[in-house]
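J.: Just one file: final15.cif, with mmCIF, C-alpha atoms.
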data_data
#
loop_
_atom_site.group_PDB
_atom_site.id
_atom_site.type_symbol
_atom_site.label_atom_id
_atom_site.label_comp_id
_atom_site.auth_asym_id
_atom_site.auth_seq_id
_atom_site.Cartn_x
_atom_site.Cartn_y
_atom_site.Cartn_z
ATOM 1 C CA ALA A 6 29.989 50.486 7.543
ATOM 2 C CA GLN A 7 28.289 47.112 7.044
ATOM 3 C CA SER A 8 31.025 46.049 4.657
ATOM 4 C CA LEU A 9 33.710 46.714 7.259
ATOM 5 C CA PHE A 10 31.594 45.265 10.078
ATOM 6 C CA GLY A 11 30.893 42.113 8.068
ATOM 7 C CA ARG A 12 34.579 41.536 7.428
ATOM 8 C CA CYS A 13 35.414 41.973 11.098
ATOM 9 C CA THR A 14 32.899 39.315 12.140
ATOM 10 C CA ALA A 15 33.683 36.822 9.387
ATOM 11 C CA GLY A 16 36.035 34.843 11.607
ATOM 12 C CA ILE A 17 34.860 32.622 14.417
ATOM 13 C CA ALA A 18 37.129 32.381 17.433
ATOM 14 C CA VAL A 19 37.397 30.132 20.472
ATOM 15 C CA GLY A 20 34.881 31.297 23.062
ATOM 16 C CA ASP A 21 32.409 32.783 20.552
ATOM 17 C CA GLN A 22 28.693 32.206 21.035
ATOM 18 C CA VAL A 23 27.271 30.586 17.895
ATOM 19 C CA MET A 24 24.238 28.801 16.525
ATOM 20 C CA ALA A 25 25.031 25.279 15.357
ATOM 21 C CA ARG A 26 23.169 22.271 14.009
ATOM 22 C CA ARG A 27 23.520 19.173 16.121
ATOM 23 C CA PRO A 28 25.124 16.445 13.999
ATOM 24 C CA GLN A 29 22.726 13.907 12.502
ATOM 25 C CA THR A 30 19.702 16.109 13.323
ATOM 26 C CA GLU A 31 17.939 19.167 11.982
ATOM 27 C CA LYS A 32 18.002 20.815 15.420
ATOM 28 C CA TRP A 33 19.814 24.174 15.742
ATOM 29 C CA GLU A 34 21.007 25.252 19.169
ATOM 30 C CA GLU A 35 23.154 27.865 20.828
ATOM 31 C CA GLY A 36 26.657 26.842 21.736
ATOM 32 C CA LYS A 37 30.151 28.036 22.485
ATOM 33 C CA ILE A 38 33.230 27.354 20.343
ATOM 34 C CA LEU A 39 35.867 25.323 22.177
ATOM 35 C CA SER A 40 38.156 24.545 19.228
ATOM 36 C CA LEU A 41 38.561 25.661 15.623
ATOM 37 C CA PRO A 42 38.883 23.456 12.538
ATOM 38 C CA SER A 43 42.339 22.235 11.663
ATOM 39 C CA PRO A 44 44.068 24.432 9.076
ATOM 40 C CA PHE A 45 44.300 21.241 7.000
ATOM 41 C CA ALA A 46 40.548 20.603 7.102
ATOM 42 C CA ASN A 47 38.797 20.688 3.744
ATOM 43 C CA ILE A 48 35.986 23.256 4.065
ATOM 44 C CA THR A 49 33.662 22.657 1.145
ATOM 45 C CA GLU A 50 31.325 24.904 -0.811
ATOM 46 C CA PRO A 51 27.747 25.201 0.463
ATOM 47 C CA GLY A 52 25.528 22.324 -0.546
ATOM 48 C CA VAL A 53 28.415 19.850 -0.857
ATOM 49 C CA GLY A 54 28.050 16.803 1.352
ATOM 50 C CA ILE A 55 25.336 16.027 3.856
ATOM 51 C CA SER A 56 25.154 18.275 6.899
ATOM 52 C CA GLY A 57 24.069 15.357 9.084
ATOM 53 C CA GLU A 58 27.287 13.398 8.510
ATOM 54 C CA PRO A 59 29.539 12.828 11.519
ATOM 55 C CA VAL A 60 32.516 15.186 11.505
ATOM 56 C CA PRO A 61 35.997 13.744 12.042
ATOM 57 C CA GLU A 62 37.944 15.319 14.899
ATOM 58 C CA GLY A 63 39.601 18.540 13.754
ATOM 59 C CA PHE A 64 37.505 18.904 10.592
ATOM 60 C CA GLY A 65 34.918 21.213 12.112
ATOM 61 C CA TYR A 66 34.246 23.375 15.133
ATOM 62 C CA TYR A 67 34.217 21.745 18.563
ATOM 63 C CA VAL A 68 31.035 23.064 20.174
ATOM 64 C CA CYS A 69 29.848 22.968 23.782
ATOM 65 C CA TRP A 70 26.046 23.233 23.885
ATOM 66 C CA GLN A 71 24.352 25.804 26.126
ATOM 67 C CA ASP A 72 22.310 23.137 27.868
ATOM 68 C CA GLY A 73 25.491 21.464 29.154
ATOM 69 C CA ARG A 74 25.030 18.272 27.134
ATOM 70 C CA SER A 75 27.879 16.614 25.271
ATOM 71 C CA MET A 76 30.444 18.479 23.230
ATOM 72 C CA VAL A 77 30.767 17.541 19.576
ATOM 73 C CA TRP A 78 32.525 18.403 16.309
ATOM 74 C CA VAL A 79 30.224 20.328 13.949
ATOM 75 C CA ARG A 80 30.682 20.942 10.201
ATOM 76 C CA PRO A 81 31.674 24.543 9.368
ATOM 77 C CA SER A 82 28.579 24.927 7.175
ATOM 78 C CA ASP A 83 26.446 24.031 10.221
ATOM 79 C CA VAL A 84 27.855 26.791 12.446
ATOM 80 C CA PHE A 85 27.303 30.518 12.234
ATOM 81 C CA LYS A 86 28.009 33.592 14.270
ATOM 82 C CA VAL A 87 25.705 36.578 14.344
ATOM 83 C CA THR A 88 26.617 40.146 15.227
ATOM 84 C CA SER A 89 23.414 40.799 17.171
ATOM 85 C CA GLY A 90 23.106 39.066 20.525
ATOM 86 C CA THR A 91 19.357 38.675 21.030
ATOM 87 C CA ARG A 92 17.868 35.189 20.935
ATOM 88 C CA ASN A 93 15.194 36.319 18.442
ATOM 89 C CA ALA A 94 17.893 37.619 16.076
ATOM 90 C CA LEU A 95 19.823 34.351 16.466
ATOM 91 C CA MET A 96 16.779 32.270 15.592
ATOM 92 C CA ALA A 97 15.773 34.554 12.695
ATOM 93 C CA THR A 98 19.318 34.440 11.318
ATOM 94 C CA LYS A 99 19.424 30.657 11.614
ATOM 95 C CA GLY A 100 16.126 30.514 9.731
ATOM 96 C CA LEU A 101 17.416 32.847 7.025
ATOM 97 C CA PHE A 102 20.579 30.792 6.472
ATOM 98 C CA THR A 103 18.578 27.562 6.438
ATOM 99 C CA GLU A 104 16.115 28.981 3.917
ATOM 100 C CA VAL A 105 18.704 30.387 1.483
ATOM 101 C CA ALA A 106 20.533 27.049 1.620
ATOM 102 C CA ASN A 107 17.447 25.579 -0.098
ATOM 103 C CA GLY A 108 18.613 27.290 -3.294
ATOM 104 C CA GLU A 109 16.023 27.517 -6.047
ATOM 105 C CA ASN A 110 13.424 25.993 -3.671
ATOM 106 C CA CYS A 111 13.863 28.826 -1.171
ATOM 107 C CA ASP A 112 10.591 30.375 0.079
ATOM 108 C CA GLN A 113 10.541 34.155 -0.402
ATOM 109 C CA ALA A 114 7.765 34.588 2.179
ATOM 110 C CA ALA A 115 9.885 32.753 4.764
ATOM 111 C CA ILE A 116 12.825 35.031 3.934
ATOM 112 C CA SER A 117 10.537 38.038 4.575
ATOM 113 C CA ARG A 118 9.484 36.638 7.952
ATOM 114 C CA HIS A 119 13.091 36.062 9.026
ATOM 115 C CA LEU A 120 14.082 39.578 7.953
ATOM 116 C CA GLN A 121 11.116 41.089 9.823
ATOM 117 C CA ARG A 122 12.152 39.173 12.949
ATOM 118 C CA GLY A 123 15.617 40.727 12.835
ATOM 119 C CA ALA A 124 17.777 38.284 10.869
ATOM 120 C CA ASP A 125 21.356 39.575 10.798
ATOM 121 C CA LEU A 126 22.535 40.066 7.212
ATOM 122 C CA ALA A 127 26.094 40.722 8.445
ATOM 123 C CA ALA A 128 26.288 37.255 10.022
ATOM 124 C CA THR A 129 28.512 34.533 8.585
ATOM 125 C CA ASP A 130 28.374 30.773 8.770
ATOM 126 C CA GLY A 131 31.271 28.686 10.046
ATOM 127 C CA ALA A 132 32.686 28.348 6.546
ATOM 128 C CA GLY A 133 32.812 32.163 6.274
ATOM 129 C CA TYR A 134 29.787 32.702 4.019
ATOM 130 C CA PRO A 135 27.605 35.782 4.599
ATOM 131 C CA ALA A 136 23.915 35.250 3.773
ATOM 132 C CA LEU A 137 24.089 36.970 0.368
ATOM 133 C CA LEU A 138 27.067 34.922 -0.823
ATOM 134 C CA LEU A 139 25.435 31.736 0.474
ATOM 135 C CA ALA A 140 22.277 32.668 -1.456
ATOM 136 C CA VAL A 141 24.243 33.184 -4.683
ATOM 137 C CA SER A 142 26.227 29.976 -4.135
ATOM 138 C CA CYS A 143 23.069 27.950 -3.571
ATOM 139 C CA GLY A 144 21.279 29.405 -6.609
ATOM 140 C CA VAL A 145 18.316 31.179 -5.018
ATOM 141 C CA PRO A 146 15.918 32.994 -7.389
ATOM 142 C CA SER A 147 16.874 36.553 -8.376
ATOM 143 C CA GLU A 148 13.830 37.902 -6.479
ATOM 144 C CA VAL A 149 15.309 36.577 -3.229
ATOM 145 C CA LEU A 150 18.693 38.126 -4.028
ATOM 146 C CA GLN A 151 16.966 41.457 -4.643
ATOM 147 C CA GLN A 152 15.061 41.086 -1.380
ATOM 148 C CA LEU A 153 18.312 40.540 0.549
ATOM 149 C CA LEU A 154 19.922 43.550 -1.142
ATOM 150 C CA ASP A 155 16.862 45.735 -0.462
ATOM 151 C CA ASN A 156 17.100 44.811 3.219
ATOM 152 C CA GLY A 157 20.740 45.806 3.527
ATOM 153 C CA ALA A 158 22.829 42.790 2.539
ATOM 154 C CA CYS A 159 26.224 44.069 1.455
ATOM 155 C CA HIS A 160 27.345 42.842 -1.974
ATOM 156 C CA GLU A 161 30.983 43.736 -1.209
ATOM 157 C CA VAL A 162 31.493 41.373 1.740
ATOM 158 C CA SER A 163 33.561 38.416 0.594
ATOM 159 C CA GLY A 164 33.489 34.818 1.709
ATOM 160 C CA PRO A 165 36.208 32.354 2.672
ATOM 161 C CA ALA A 166 38.050 32.474 -0.665
ATOM 162 C CA GLY A 167 37.823 36.266 -0.945
ATOM 163 C CA VAL A 168 35.049 36.033 -3.542
ATOM 164 C CA THR A 169 32.192 38.546 -3.326
ATOM 165 C CA PRO A 170 28.590 37.702 -4.262
ATOM 166 C CA TRP A 171 28.814 39.510 -7.628
ATOM 167 C CA GLU A 172 32.083 37.705 -8.462
ATOM 168 C CA LYS A 173 30.465 34.385 -7.557
ATOM 169 C CA ALA A 174 27.472 35.211 -9.780
ATOM 170 C CA CYS A 175 29.829 35.972 -12.653
ATOM 171 C CA LEU A 176 31.812 32.786 -12.060
ATOM 172 C CA GLU A 177 28.606 30.743 -12.059
ATOM 173 C CA SER A 178 27.551 32.266 -15.373
ATOM 174 C CA GLN A 179 31.038 31.738 -16.863
ATOM 175 C CA VAL A 180 31.488 35.467 -17.633
ATOM 176 C CA PRO A 181 34.870 37.020 -16.801
ATOM 177 C CA CYS A 182 34.250 39.332 -13.838
ATOM 178 C CA VAL A 183 36.793 41.930 -14.888
ATOM 179 C CA SER A 184 34.993 42.596 -18.170
ATOM 180 C CA ALA A 185 31.521 42.062 -16.704
ATOM 181 C CA ARG A 186 31.763 44.264 -13.607
ATOM 182 C CA LYS A 187 30.225 47.315 -15.278
ATOM 183 C CA GLU A 188 27.469 45.215 -16.812
ATOM 184 C CA LEU A 189 26.521 43.340 -13.672
ATOM 185 C CA ALA A 190 22.962 44.030 -12.566
ATOM 186 C CA LEU A 191 23.139 43.734 -8.786
ATOM 187 C CA ASP A 192 19.381 43.598 -8.533
ATOM 188 C CA SER A 193 19.302 40.280 -10.345
ATOM 189 C CA PHE A 194 22.935 39.124 -10.105
ATOM 190 C CA SER A 195 23.014 38.381 -13.793
ATOM 191 C CA CYS A 196 26.113 39.021 -15.848
ATOM 192 C CA SER A 197 25.847 39.787 -19.511
ATOM 193 C CA ILE A 198 28.436 40.340 -22.218
#
Go through the file and emit its structure as structure tokens.
T.:
Amino acid sequence: AQSLFGRCTAGIAVGDQVMARRPQTEKWEEGKILSLPSPFANITEPGVGISGEPVPEGFGYYVCWQDGRSMVWVRPSDVFKVTSGTRNALMATKGLFTEVANGENCDQAAISRHLQRGADLAATDGAGYPALLLAVSCGVPSEVLQQLLDNGACHEVSGPAGVTPWEKACLESQVPCVSARKELALDSFSCSI
């Protein structure tokens, strides 16, 4: 069920309520999508570029903030939609995504706190990454990957290029996924020959 639900929510549409990082700040706020990125926009992998950079018109999501202040273009990696509507779940999910984006420096205790507060593991960021795929892409420790899996993260939900977390792990380790699928240890996301 989560696999199907995650795929259904992967897209962000005009009018969706989202959490987004204000450009050139570290502040995350609730907003509403007014416009989608241009189909010609180059949406990069997580960790590429600086999230505080100004976004050229059409190369991100046009967001109207809940407080009625100015509307602005926001990078896809700085926008995410959650499937649960409570403010606590929104903030916990934002915290989870922010923490896994720290990669190998991610704090496992912080991940636990966000999960206990109701972080939505079926949520996706504006670039289409679910939390587990973002974690693999950013290189979090295997203990954090196991923690996400133990708390219900679905390893079959793909990201923007149709790549699942296990496929991404195999690609990162340079092991062909077709031959490695049976040997993949999901608890540590390590591929072996």
J.: How many Å separate CA of Met24 (chain A) from CA of Leu95 (chain A)?
T.: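 Between CA of Met24 (chain A) and CA of Leu95 (chain A) the gap works out to 7.1 Å.
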J.: Please report, as JSON lines, each residue of region 114-188 of chain A lying at most 12 Å from region 59-70 of chain A, together with the nearest pair of atoms and the separation in Å rounded to one decimal; use all atoms listed in the file, and order rows by chain and ascending residue number.
T.:
{"residue": "A:Asp130", "atom": "CA", "partner": "A:Tyr66", "partner_atom": "CA", "distance": 11.4}
{"residue": "A:Gly131", "atom": "CA", "partner": "A:Tyr66", "partner_atom": "CA", "distance": 7.9}
{"residue": "A:Ala132", "atom": "CA", "partner": "A:Gly65", "partner_atom": "CA", "distance": 9.3}
J.: For this structure, which residues satisfy the selection - the PyMOL selection byres ((chain A and resi 160) around 9) - when it is evaluated on the file as given? I want them as a PyMOL selection string.
T.: chain A and resi 8+137-138+154+158-159+161-163+169-171+191
J.: Spell out the residues picked by the PyMOL selection byres ((chain A and resi 27) around 12) here, as a short mmCIF file (atom, residue, chain, number, x, y, z; two decimals) with C-alpha atoms, in the frame of the given file.
T.:
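result_4.cif written:
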data_model
loop_
_atom_site.label_atom_id
_atom_site.label_comp_id
_atom_site.auth_asym_id
_atom_site.auth_seq_id
_atom_site.Cartn_x
_atom_site.Cartn_y
_atom_site.Cartn_z
CA MET A 24 24.24 28.80 16.52
CA ALA A 25 25.03 25.28 15.36
CA ARG A 26 23.17 22.27 14.01
CA PRO A 28 25.12 16.44 14.00
CA GLN A 29 22.73 13.91 12.50
CA THR A 30 19.70 16.11 13.32
CA GLU A 31 17.94 19.17 11.98
CA LYS A 32 18.00 20.82 15.42
CA TRP A 33 19.81 24.17 15.74
CA GLU A 34 21.01 25.25 19.17
CA GLU A 35 23.15 27.86 20.83
CA GLY A 36 26.66 26.84 21.74
CA SER A 56 25.15 18.27 6.90
CA GLY A 57 24.07 15.36 9.08
CA GLU A 58 27.29 13.40 8.51
CA PRO A 59 29.54 12.83 11.52
CA VAL A 60 32.52 15.19 11.50
CA TYR A 66 34.25 23.38 15.13
CA TYR A 67 34.22 21.74 18.56
CA VAL A 68 31.04 23.06 20.17
CA CYS A 69 29.85 22.97 23.78
CA TRP A 70 26.05 23.23 23.88
CA ARG A 74 25.03 18.27 27.13
CA SER A 75 27.88 16.61 25.27
CA MET A 76 30.44 18.48 23.23
CA VAL A 77 30.77 17.54 19.58
CA TRP A 78 32.52 18.40 16.31
CA VAL A 79 30.22 20.33 13.95
CA ARG A 80 30.68 20.94 10.20
CA PRO A 81 31.67 24.54 9.37
CA SER A 82 28.58 24.93 7.18
CA ASP A 83 26.45 24.03 10.22
CA VAL A 84 27.86 26.79 12.45
#
J.: Nearest to Pro135 (chain A) among A:Lys86, A:Cys111, A:Gln151, A:Arg92, with distances taken over all atoms listed in the file: which residue is it?
T.: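 Using all atoms listed in the file, the shortest distance to Pro135 (chain A) belongs to A:Lys86.
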J.: Rounded to one decimal, what separation in Å do you get between CA of Val141 (chain A) and CA of Gly100 (chain A)?
T.: 16.8 Å
J.: Go ahead and compute the interatomic distance for CA of Gly164 (chain A) and CA of Thr129 (chain A), in Å to one decimal.
T.: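 CA of Thr129 (chain A) lies at a distance of 8.5 Å from CA of Gly164 (chain A).
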J.: Assuming the chain letters and numbering stay as they are in my file, what does the PyMOL selection byres ((chain A and resi 143) around 10) actually select? List them as a list of chain:residue names.
T.: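 When the PyMOL selection byres ((chain A and resi 143) around 10) is applied, the selected residues are A:Glu50, A:Pro51, A:Gly52, A:Val105, A:Ala106, A:Asn107, A:Gly108, A:Glu109, A:Asn110, A:Cys111, A:Leu137, A:Leu138, A:Leu139, A:Ala140, A:Val141, A:Ser142, A:Gly144, A:Val145, A:Pro146.
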J.: If we count all atoms listed in the file and set the cut-off at 9 Å, which residues sit around Pro165 (chain A), ignoring sequence neighbours fewer than 2 positions away in its own chain? Please answer as a compact mmCIF listing (two decimals) with C-alpha atoms, in the coordinates of the input.
T.:
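Listing of selection_22.txt after writing:
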# COMPACT_ATOMS: atom_id res chain seq x y z
CA ALA A 15 33.68 36.82 9.39
CA ALA A 132 32.69 28.35 6.55
CA GLY A 133 32.81 32.16 6.27
CA TYR A 134 29.79 32.70 4.02
CA SER A 163 33.56 38.42 0.59
CA GLY A 167 37.82 36.27 -0.94
CA VAL A 168 35.05 36.03 -3.54
J.: Ranking A:Gln113, A:Gln22, A:Thr98, A:Gln71 by minimum distance to Ala136 (chain A) and counting all atoms listed in the file, which one comes first?
T.: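 So, comparing all the options, the nearest one is A:Thr98.
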